[in-house]
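Asker: Quick one: the structure is below, questions incoming.
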Amino acid sequence: MKIQESGENYLETILMLEQKNGTVRSIDIANELEFSKPSVSVAMKKLRTDSYIEMDDMGLITLLPKGQEIAQRIYERHTFLEAWLMRLGVA
């Protein structure tokens, strides 16, 4: 199953927040992306249903292996492009 770009962005955000804060909740994602809590909740439900993430009883979100793989790939692509643009003097 192919994940949509918005799903990739959520997964990358979860990865970055996990690295930064150690734990991730839906409200953290909503604040980071400046999205409404209900929009993030709908997205998290879809990512859970598709087995990209899991959420415990306390609302803590964890990337599952296939979610981790996608998040890491997108994050590496973005950091590579950012570094490349900085070397060109564009960013």
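So you can find residues: chains in the structure tokens are A, B, ... in the order shown, residues in each start at 1, and ligands are numbered from 1 in order.
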Please return, as a ChimeraX atom specification, all residues of chain A that DSSP assigns to alpha helix (DSSP H) on the basis of the backbone.
Answerer: /A:5-21,26-33,37-49,65-88
Asker: Quick one: everything within 12 Å of Glu32 of chain A, counting only C-alpha atoms, minus sequence neighbours fewer than 5 positions away in the same chain. Send it as a PyMOL selection string.
Answerer: chain A and resi 9-10+12-14+16-17+20+24-27+37+40
Asker: Can you pull out every residue from chain A that DSSP, working from the backbone, puts in strand (DSSP E), and format the result as a VMD selection string?
Answerer: chain A and resid 53 to 55 61 to 63
Asker: Write out the residues from the selection above, keeping N, CA, C and O atoms, as a short mmCIF file (atom, residue, chain, number, x, y, z; two decimals), in the first residue's frame.
Answerer:
data_model
loop_
_atom_site.label_atom_id
_atom_site.label_comp_id
_atom_site.auth_asym_id
_atom_site.auth_seq_id
_atom_site.Cartn_x
_atom_site.Cartn_y
_atom_site.Cartn_z
N ILE A 53 1.81 3.26 12.97
CA ILE A 53 2.07 3.70 14.34
C ILE A 53 1.24 2.86 15.30
O ILE A 53 0.30 2.17 14.89
N GLU A 54 1.60 2.98 16.59
CA GLU A 54 0.73 2.46 17.63
C GLU A 54 0.61 3.53 18.70
O GLU A 54 1.48 4.40 18.82
N MET A 55 -0.49 3.48 19.43
CA MET A 55 -0.73 4.46 20.48
C MET A 55 -1.10 3.69 21.74
O MET A 55 -1.97 2.82 21.70
N ILE A 61 2.53 7.97 21.18
CA ILE A 61 2.61 7.44 19.82
C ILE A 61 4.00 6.88 19.57
O ILE A 61 5.00 7.53 19.89
N THR A 62 4.05 5.70 18.99
CA THR A 62 5.30 5.05 18.63
C THR A 62 5.24 4.62 17.18
O THR A 62 4.22 4.08 16.73
N LEU A 63 6.31 4.84 16.46
CA LEU A 63 6.40 4.38 15.08
C LEU A 63 6.60 2.87 15.06
O LEU A 63 7.45 2.34 15.78
#
Asker: Can you tell me which residues surround Leu47 of chain A at a distance of at most 10 Å, considering only C-alpha atoms, apart from same-chain residues fewer than 2 positions away, and format the answer as a list of chain:residue names?
Answerer: A:Ile3, A:Gly7, A:Glu8, A:Tyr10, A:Leu11, A:Ser41, A:Val42, A:Ala43, A:Met44, A:Lys45, A:Thr49, A:Asp50, A:Ser51, A:Tyr52, A:Ile53, A:Glu54, A:Leu63, A:Leu64, A:Gly67
Asker: Can you spit out the residues from that selection as a PDB file, in the first residue's frame, using N, CA and C atoms?
Answerer:
ATOM      1  N   ILE A   3       1.586   5.081   0.768  1.00  0.00           N
ATOM      2  CA  ILE A   3       1.139   6.095   1.729  1.00  0.00           C
ATOM      3  C   ILE A   3       1.132   7.456   1.034  1.00  0.00           C
ATOM      4  N   GLY A   7       0.553  11.583   4.960  1.00  0.00           N
ATOM      5  CA  GLY A   7       0.945  10.543   5.906  1.00  0.00           C
ATOM      6  C   GLY A   7       2.441  10.532   6.127  1.00  0.00           C
ATOM      7  N   GLU A   8       3.201  10.716   5.054  1.00  0.00           N
ATOM      8  CA  GLU A   8       4.660  10.789   5.170  1.00  0.00           C
ATOM      9  C   GLU A   8       5.064  11.959   6.060  1.00  0.00           C
ATOM     10  N   TYR A  10       3.306  13.357   8.476  1.00  0.00           N
ATOM     11  CA  TYR A  10       2.994  13.020   9.867  1.00  0.00           C
ATOM     12  C   TYR A  10       4.058  12.082  10.432  1.00  0.00           C
ATOM     13  N   LEU A  11       4.436  11.065   9.678  1.00  0.00           N
ATOM     14  CA  LEU A  11       5.435  10.110  10.166  1.00  0.00           C
ATOM     15  C   LEU A  11       6.776  10.794  10.416  1.00  0.00           C
ATOM     16  N   SER A  41      -6.055  13.829  15.004  1.00  0.00           N
ATOM     17  CA  SER A  41      -6.668  12.600  15.514  1.00  0.00           C
ATOM     18  C   SER A  41      -7.140  11.704  14.382  1.00  0.00           C
ATOM     19  N   VAL A  42      -7.744  12.288  13.359  1.00  0.00           N
ATOM     20  CA  VAL A  42      -8.192  11.521  12.197  1.00  0.00           C
ATOM     21  C   VAL A  42      -6.990  10.887  11.494  1.00  0.00           C
ATOM     22  N   ALA A  43      -5.931  11.659  11.325  1.00  0.00           N
ATOM     23  CA  ALA A  43      -4.729  11.143  10.666  1.00  0.00           C
ATOM     24  C   ALA A  43      -4.090  10.023  11.484  1.00  0.00           C
ATOM     25  N   MET A  44      -4.046  10.189  12.811  1.00  0.00           N
ATOM     26  CA  MET A  44      -3.439   9.154  13.660  1.00  0.00           C
ATOM     27  C   MET A  44      -4.249   7.866  13.599  1.00  0.00           C
ATOM     28  N   LYS A  45      -5.570   7.988  13.539  1.00  0.00           N
ATOM     29  CA  LYS A  45      -6.416   6.797  13.422  1.00  0.00           C
ATOM     30  C   LYS A  45      -6.089   6.050  12.132  1.00  0.00           C
ATOM     31  N   THR A  49      -4.565   2.325  11.845  1.00  0.00           N
ATOM     32  CA  THR A  49      -5.287   1.305  11.080  1.00  0.00           C
ATOM     33  C   THR A  49      -4.378   0.653  10.037  1.00  0.00           C
ATOM     34  N   ASP A  50      -3.504   1.451   9.447  1.00  0.00           N
ATOM     35  CA  ASP A  50      -2.591   0.950   8.410  1.00  0.00           C
ATOM     36  C   ASP A  50      -1.277   0.416   8.992  1.00  0.00           C
ATOM     37  N   SER A  51      -1.193   0.326  10.309  1.00  0.00           N
ATOM     38  CA  SER A  51      -0.040  -0.250  11.025  1.00  0.00           C
ATOM     39  C   SER A  51       1.267   0.506  10.820  1.00  0.00           C
ATOM     40  N   TYR A  52       1.188   1.840  10.753  1.00  0.00           N
ATOM     41  CA  TYR A  52       2.389   2.670  10.692  1.00  0.00           C
ATOM     42  C   TYR A  52       2.799   3.130  12.087  1.00  0.00           C
ATOM     43  N   ILE A  53       1.808   3.264  12.971  1.00  0.00           N
ATOM     44  CA  ILE A  53       2.070   3.702  14.344  1.00  0.00           C
ATOM     45  C   ILE A  53       1.239   2.863  15.304  1.00  0.00           C
ATOM     46  N   GLU A  54       1.598   2.977  16.589  1.00  0.00           N
ATOM     47  CA  GLU A  54       0.729   2.459  17.631  1.00  0.00           C
ATOM     48  C   GLU A  54       0.614   3.533  18.698  1.00  0.00           C
ATOM     49  N   LEU A  63       6.312   4.843  16.461  1.00  0.00           N
ATOM     50  CA  LEU A  63       6.397   4.375  15.079  1.00  0.00           C
ATOM     51  C   LEU A  63       6.603   2.868  15.064  1.00  0.00           C
ATOM     52  N   LEU A  64       5.830   2.176  14.253  1.00  0.00           N
ATOM     53  CA  LEU A  64       6.045   0.752  14.020  1.00  0.00           C
ATOM     54  C   LEU A  64       7.094   0.607  12.917  1.00  0.00           C
ATOM     55  N   GLY A  67       6.416   2.263   9.584  1.00  0.00           N
ATOM     56  CA  GLY A  67       6.308   3.710   9.768  1.00  0.00           C
ATOM     57  C   GLY A  67       7.669   4.333  10.007  1.00  0.00           C
TER      58      GLY A  67
END
